[in-house]
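Q: My structure is below; once you've seen it, I'll send some questions.
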Amino acid sequence: MGDTVVGIVANPLSGRDIRRLVAKASVFPTAEKANMVQRMLTAFGVVGVDRVLVGTDLGGISAAVLRAIGTRTPRDPPWPEVEFLDQDPITQTAADTVNAVRRMAEAGARVVVCLGGDGTVRAAAAACGDTPLLPLSTGTNNAFPQLREATVAGLAAGLVAVGAVDIAAVTRRAPVLRVDAAGRSELALVDVCTSVNRYVGARALWDPAALTELYCTFAEPDGIGLSSVPGVLCPSPRDEPSGVALMLCPPAEATWVVAAPIAPGLVVPVGVRSWRRLEPGEVVEVATPRGVVAVDGEREIEFSDAPAPRVTLRPDGPRCVDVRAVLAGPARNRLIQEVER
Amino acid sequence: MTDTLSTSVAYELKPEALHDAYRTMRTIRAFEERVHEEFATGDIPGFVHLYAGEEASAVGVCSHLDNRDTIASTHRGHGHCIAKRVDVKAMMAEIYGKSTGSCHGKGGSMHIADLSKGMLGANGIVGGGPPLICGTALAAKQKGTGGVGVAFFGDGASNQGTTLESLNLAAVWNLPAVFVAENNGYAEATSSTWSVASDNIADRAAGFGMPGVIVDGFDFFAAYEAAGEAITRAREGGGPTLIEMKFTRYFGHFEGDQQTYRADEVARARETLDCLLRFRGRVTETGQLSLETLDRIDAEVAELIDEAVDEAKRAPKPRAADLTTDVYVAY
Amino acid sequence: MARTISYREAINEALAQEMERDERVIVMGEDNAGGAGSPGDEDAWGGVLGVTKGLYHRFPGRVLDTPISESAFIGAAIGAATAGMRPVAELMFIDFMGVCFDQIFNQAAKFRYMFGGKAVTPVVIRTMYGAGLRAAAQHSQALYPVFTHIPGLKVAVPSSPYEAKGLLTQAIRDDDPVIFCEHKALYDTTGEVPEEQYVIPFGEANVVRDGGDVTVVAIGRMVSVALAAADELAGAGIQCEVIDPRTTSPLDTDTILESVESTGRLVVVDESTPRCNLATDISATVAQQAFRALRAPIEMVTAPHTPVPFAGNLEDLYIPDAQRVVNAVKSVTSWER
């Protein structure tokens with residue numbers, strides 16, 4: 001039998017970058033992230049999760065949850081035992097997410113809930129291995145994580161954790177883009193983009209004039225972020241294994257100019273010279289001679305000269321929980337008690 | 001091969017600008033390290049508070065400013081002064097309390113100012129700067145100069161009423177102001193995660209009606225871009241912004257208790273994150289500046305600091321009569 | 001051409017005429033425009049007691065409402081002064097100085113000195129002081145001694161409409177920070193005030209009434225109290241020389257000393273509380289520099305060392321009145337060793 005363990009990692013820095021200034025990106029209060037964690041704890045309590053591992057941060061989320069645990073009254077709904085993962089130094093970088101998720105996977109967590117934007121989920125995906133992820137959006141661009149109410153997501157994650165579901169039926173392996181550049185390797189869940197910016201700088205991308213090439217695992221017409229460009233022009237559904245590759249250029253030289261919502265509040269003309277399907281396993285060499293590789297909307301790797309960065313679409317990304325599938329399926333019987341009369 | 005692609009990109013730094021940024025950051029670092037040494041000999045009177053390590057913030061921001069712009073600083077003001085082009089030798093003389101100093105020896109380290117360069121002074125009062133910047137920004141707006149006011153303050157000052165009032169006033173009056181919170185994790189002995197209830201200072205911005213942005217304070221390029229956007233916005237009448245420069249790394253437990261931190265871990269972290277080292281690495285990798293150029297700048301700066309200290313030591317002290325001068329304009 | 005106007009109108013006129021003359025003069029304070037920054041109102045408030053009424057429409061963009069954030073807007077006025085404006089900020093009640101005192105005494109007062117003579121801070125902070133309106137402890141104090149104590153500040157305390165206009169005009173033109181203290185019970189009093197602009201230099205006392213028997217130095221509203229006492233005393237054959245210093249910093253000690261050299265007797269009438277106030281300051285200066293001339297100990301007529309009470313009868317006891325001045329004068333004139 002053993003403990004049913006669930007992990008929750010929440011990024012306090014998601015939704016705090018320059019897009020608050022150059023776009024009208026959402027201001028997602030820390031208090032709300034802390035509330036989301038607490039709502040999940042209540043849901044986990046209902047479905048019988050034994051233990052919850054919570055990542056720690058210096059942004060006030062875990063501190064607020066700790067305070068809440070300490071001030072519970074008998075009238076409050078029962079929560080599972082909560083253990084805070086405090087063994088690793090807190091660096092206030094993506095490494096914190098990676099460390100937390102790694103420890104959760106090692107501790108046998110049946111599912112890891114991840115609160116953040118595309119960047120946060122990406123970091124979690126790097127460490128979760130086969131453990132299913134449930135990404136909940138609280139970041140800037142949430143092309144990948146779904147906007148879902150936390151309590152309901154908690155019920156779904158809890159049901160997965162206690163074994164009430166056939167995992168294969170309710171999870172889907174997300175495809176990923178692997179990019180190798182300047183001796184580093186990164187995984188993207190949504191998009192890889194090259195830009196002529198020389199430096200990572202403030203990380204976000206908000207100037208379409210700087211973009212040269214765009215690769216997406218999927219592209220939905222109602223998406224936000226860079227994938228909205230192909231999403232509008234040449235959609236590629238999430239559940240298809242292939243992706244899409246675009247060559248971008250200044251609008252004056254473009255074949256199409258797409259008015260795309262590349263960040264919240266920022267609908268700008270993006271010039272597209274050409275596009276094609278990207279097949280899984282295909283290794284693409286970037287044509288841009290020097291610049292920055294952006295992963296899931298954030299500038300990440302500075303590169304120049306040889307060897308050129310390489311982008312590969314792979315089918316073996318993280319397994320992600322489909323909340324609707326969990327609750328629409330037989331698992332919801334766990335929430336129903338037929339009363340004998 | 002000419003690089004035509006980069007000209008259209010915002011905040012693309014040309015080699016001369018990178019050169020200047022590096023020189024300014026190196027000057028701050030060398031200045032502070034030397035003051036640290038000299039202070040230990042007992043030659044320097046009073047208190048000094050050193051800015052070493054945070055150069056990317058001052059230079060990232062001040063690179064966008066000119067003489068119509070004003071800045072207000074903290075008691076840890078040498079970095080901001082140098083970034084705002086206050087004369088280095090006059091600064092050193094002031095720290096030594098000599099009559100050739102920026103303030104004729106009457107201000108000292110915590111009050112170095114040069115109003116002709118828009119530097120309103122280091123300030124010995126925590127939170128003393130932000131209201132003054134509301135004033136200079138108001139003046140710029142009234143006179144239509146296009147100038148902006150930048151208030152630098154620390155995590156301690158972020159809790160001071162004057163700072164909070166100034167954020168509100170700047171938003172209410174739509175002032176061309178930028179508030180830069182330099183969060184190095186500690187105000188005296190008190191950790192910022194304990195004393196700042198919202199943990200992130202930038203989170204307060206929404207409550208004051210302006211955008212709040214968090215920036216890695218150890219990264220010159222990140223600071224430069226964020227500051228550039230905020231300053232441009234202010235100049236164009238878009239109102240104030242709050243930028244939080246984070247210099248924190250591992251600082252105790254997540255509960256934010258006032259725990260003692262592991263100084264050696266912090267020291268190691270800071271070494272790998274040092275803004276000057278990282279800057280050197282990146283500009284040489286992209287080929288924009290060579291190691292030789294950077295080393296030459298280091299040598300020139302070292303010489304400047306040596307001269308500054310020599311001249312300061314040899315400079316005359318103020319005369320006794322200077323005690324009672326400049327209390328008022330006329331006498 | 002002089003005509004009769006009120007203290008309030010005299011201040012308003014000084015502001016309006018200086019704003020007309022010098023576009024760098026701006027006005028800011030709580031409710032100084034319409035209250036809540038509301039434009040377009042015909043009858044904008046013009047300050048809680050209407051002193052800045054009418055300025056908002058006459059000088060668009062130069063009369064600013066502020067939130068209740070004294071530290072911020074007093075500091076802003078000071079900062080704007082260093083940047084070339086000539087702001088006149090209103091600290092509604094002098095009792096509120098506590099919430100913005102740092103900006104005044106640690107920033108404005110010290111810039112010129114600390115920055116080696118390179119800063120000019122021509123800011124005026126207008127503020128209401130004084131008891132008598134049953135406004136109670138936190139809205140009735142006479143705190144000008146606290147500002148007087150600070151090197152780098154100048155302090156003006158006008159006693160009449162004529163003083164008010166001349167001193168305020170000087171304050172605005174002065175390149176140093178000035179605290180301009182208006183007694184709230186004087187706003188409706190009237191007097192002769194020239195239509196044209198004029199200045200009263202700082203550090204020049206006014207001998208309001210000549211007399212050879214006793215020197216009575218009085219601050220602000222106490223000048224009229226001293227004059228009333230002097231009238232009564234004249235009936236008893238005692239001639240008072242009433243001196244209005246007009247500014248407590250700089251203080252015209254020469255005029256006071258010259259008078260005491262002649263009369264040999266001094267009474268100081270100061271509405272502020274007795275520890276370290278203007279009465280003690282002036283008394284000590286005179287005792288030190290005119291000791292030989294003194295024929296009697298110095299008398300000080302001040303408020304008691306208490307907060308201002310609310311109850312009307314108690315407040316009336318608190319404020320120095322003509323009777324107490326009369327008693328003090330009689331005491332010094334009848335003193336025998």
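As shown in the structure tokens, the chain order sets the letters A, B, ...; within each chain, residues go from 1, and ligands are also counted from 1 in the order they appear.
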Report the closest atom pair, with its distance in Å rounded to one decimal, for each residue of chain A that has an atom no farther than 6 Å from chain B; count only C-alpha atoms, sort by chain and then rising residue number, and write it as JSON lines.

A:
```
{"residue": "A:Arg16", "atom": "CA", "partner": "B:Val213", "partner_atom": "CA", "distance": 5.5}
{"residue": "A:Asp17", "atom": "CA", "partner": "B:Val213", "partner_atom": "CA", "distance": 5.1}
{"residue": "A:Ile18", "atom": "CA", "partner": "B:Val213", "partner_atom": "CA", "distance": 5.4}
{"residue": "A:Arg20", "atom": "CA", "partner": "B:Pro211", "partner_atom": "CA", "distance": 5.8}
{"residue": "A:Leu21", "atom": "CA", "partner": "B:Pro211", "partner_atom": "CA", "distance": 5.6}
{"residue": "A:Asp57", "atom": "CA", "partner": "B:Phe254", "partner_atom": "CA", "distance": 5.7}
{"residue": "A:Leu58", "atom": "CA", "partner": "B:Phe254", "partner_atom": "CA", "distance": 5.3}
{"residue": "A:Gly59", "atom": "CA", "partner": "B:Asp199", "partner_atom": "CA", "distance": 5.2}
{"residue": "A:Gly60", "atom": "CA", "partner": "B:Asp199", "partner_atom": "CA", "distance": 5.7}
{"residue": "A:Ala63", "atom": "CA", "partner": "B:Glu255", "partner_atom": "CA", "distance": 4.9}
{"residue": "A:Pro89", "atom": "CA", "partner": "B:Tyr250", "partner_atom": "CA", "distance": 5.7}
{"residue": "A:Ile90", "atom": "CA", "partner": "B:Tyr250", "partner_atom": "CA", "distance": 5.1}
{"residue": "A:Thr91", "atom": "CA", "partner": "B:Arg249", "partner_atom": "CA", "distance": 5.0}
{"residue": "A:Gly201", "atom": "CA", "partner": "B:Ala222", "partner_atom": "CA", "distance": 3.7}
{"residue": "A:Ala202", "atom": "CA", "partner": "B:Ala222", "partner_atom": "CA", "distance": 4.0}
{"residue": "A:Ala210", "atom": "CA", "partner": "B:Val9", "partner_atom": "CA", "distance": 5.8}
```

Q: I need the alpha helix (DSSP H) residues of stretch 226-328 of chain C per DSSP on the backbone, written as a ChimeraX atom specification.

A: /C:226-235,253-263,278-289,312-318,322-328

Q: Restrict the calculation to only C-alpha atoms, then for each residue of chain B with any atom at most 6 Å from an atom of chain C give the closest atom pair and their distance in Å to one decimal, rows by chain and rising residue number, as a Markdown table.

A:
```
| residue | atom | partner | partner_atom | distance |
| --- | --- | --- | --- | --- |
| B:Cys103 | CA | C:Gly116 | CA | 4.0 |
| B:His104 | CA | C:Gly116 | CA | 5.0 |
| B:Lys106 | CA | C:Met114 | CA | 5.2 |
| B:Gly107 | CA | C:Met114 | CA | 4.3 |
| B:Pro131 | CA | C:Ala72 | CA | 4.5 |
| B:Leu132 | CA | C:Gly79 | CA | 4.1 |
| B:Cys134 | CA | C:Ala76 | CA | 4.9 |
| B:Gly135 | CA | C:Ala76 | CA | 3.5 |
| B:Thr136 | CA | C:Ala80 | CA | 4.7 |
| B:Ala139 | CA | C:Ala80 | CA | 5.2 |
| B:Thr162 | CA | C:Ser71 | CA | 5.5 |
| B:Glu165 | CA | C:Ala72 | CA | 5.5 |
| B:Ser166 | CA | C:Ala72 | CA | 5.1 |
| B:Asp326 | CA | C:Tyr113 | CA | 5.1 |
| B:Val327 | CA | C:Tyr113 | CA | 5.2 |
| B:Tyr328 | CA | C:Gly152 | CA | 5.7 |
```

Q: Between A:Val6, A:Val326, A:Ala252, A:Ala245, which is the closest to A:Thr131 once you count only C-alpha atoms?

A: A:Val6

Q: Please return as a ChimeraX atom specification: the residues of stretch 31-70 of chain A that backbone DSSP assigns to strand (DSSP E).

A: /A:51-55

Q: With distances taken over only C-alpha atoms, which of B:Glu236, B:Glu55, B:Glu300, B:Asp295 is nearest to B:Gly144?

A: B:Glu236

Q: Write out as a count of residues only which residues come within 6 Å of stretch 121-128 of chain A when counting only C-alpha atoms, dropping same-chain ones fewer than 5 positions away.

A: 5

Q: May I have the residues within 8 Å of stretch 235-240 of chain C as a list in words, using only C-alpha atoms and disregarding those fewer than 3 positions away in the same chain?

A: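 Once the adjacent positions are removed, what remains is Arg209, Asp210, Gly211, Gly212, Asp213, Val214, Thr215, Val216, Ala230, Asp231 and Glu232 of chain C.
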
Q: Based on the selection just made, write C-alpha atoms of those residues as an mmCIF file, in the first residue's frame.

A:
```
data_model
loop_
_atom_site.group_PDB
_atom_site.id
_atom_site.type_symbol
_atom_site.label_atom_id
_atom_site.label_comp_id
_atom_site.auth_asym_id
_atom_site.auth_seq_id
_atom_site.Cartn_x
_atom_site.Cartn_y
_atom_site.Cartn_z
ATOM 1 C CA ARG C 209 4.522 101.098 19.820
ATOM 2 C CA ASP C 210 7.076 103.401 21.412
ATOM 3 C CA GLY C 211 7.504 103.599 25.150
ATOM 4 C CA GLY C 212 10.197 104.283 27.668
ATOM 5 C CA ASP C 213 9.248 102.187 30.701
ATOM 6 C CA VAL C 214 9.343 98.579 29.615
ATOM 7 C CA THR C 215 10.164 96.551 26.522
ATOM 8 C CA VAL C 216 7.471 94.062 25.601
ATOM 9 C CA ALA C 230 -0.155 98.486 26.619
ATOM 10 C CA ASP C 231 -3.329 100.539 26.194
ATOM 11 C CA GLU C 232 -4.509 99.597 29.653
#
```

Q: Pick out the closest residue to C:Arg265 from this set: C:Ile172, C:Leu278, C:Val242, C:Ala296. Count only C-alpha atoms.

A: C:Ala296

Q: Find the spatial neighbours of C:Gly47, counting only C-alpha atoms, within a cut-off of 8 Å - ignore same-chain residues fewer than 2 positions away - and output them as a compact mmCIF listing (two decimals) with N, CA and C atoms, in the first residue's frame.

A:
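Heads up, here's the output in around_15.txt:
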```
# COMPACT_ATOMS: atom_id res chain seq x y z
N GLY C 29 -0.80 71.55 -1.69
CA GLY C 29 -1.22 71.23 -0.34
C GLY C 29 -2.56 70.52 -0.37
N GLU C 30 -3.00 70.05 0.79
CA GLU C 30 -4.26 69.33 0.87
C GLU C 30 -5.42 70.30 0.66
N ASP C 31 -6.25 69.98 -0.32
CA ASP C 31 -7.42 70.80 -0.64
C ASP C 31 -7.08 72.21 -1.12
N ASN C 32 -5.84 72.39 -1.54
CA ASN C 32 -5.45 73.74 -1.97
C ASN C 32 -6.17 74.17 -3.24
N ALA C 33 -6.53 73.22 -4.08
CA ALA C 33 -7.23 73.56 -5.32
C ALA C 33 -8.72 73.35 -5.05
N GLY C 35 -9.87 70.42 -3.73
CA GLY C 35 -10.13 69.28 -2.87
C GLY C 35 -10.36 68.09 -3.78
N TRP C 45 -12.43 74.88 -3.21
CA TRP C 45 -12.21 75.12 -1.78
C TRP C 45 -11.15 76.17 -1.50
N LEU C 49 -9.20 76.66 5.07
CA LEU C 49 -9.79 77.93 5.52
C LEU C 49 -9.82 78.95 4.39
N GLY C 50 -9.76 78.44 3.17
CA GLY C 50 -9.98 79.31 2.01
C GLY C 50 -8.84 80.25 1.66
N VAL C 51 -7.67 80.02 2.18
CA VAL C 51 -6.59 80.98 1.95
C VAL C 51 -6.12 80.99 0.49
N THR C 52 -6.17 79.84 -0.18
CA THR C 52 -5.68 79.79 -1.56
C THR C 52 -6.81 79.85 -2.58
N LYS C 53 -7.97 80.28 -2.15
CA LYS C 53 -9.13 80.36 -3.03
C LYS C 53 -8.85 81.25 -4.23
```
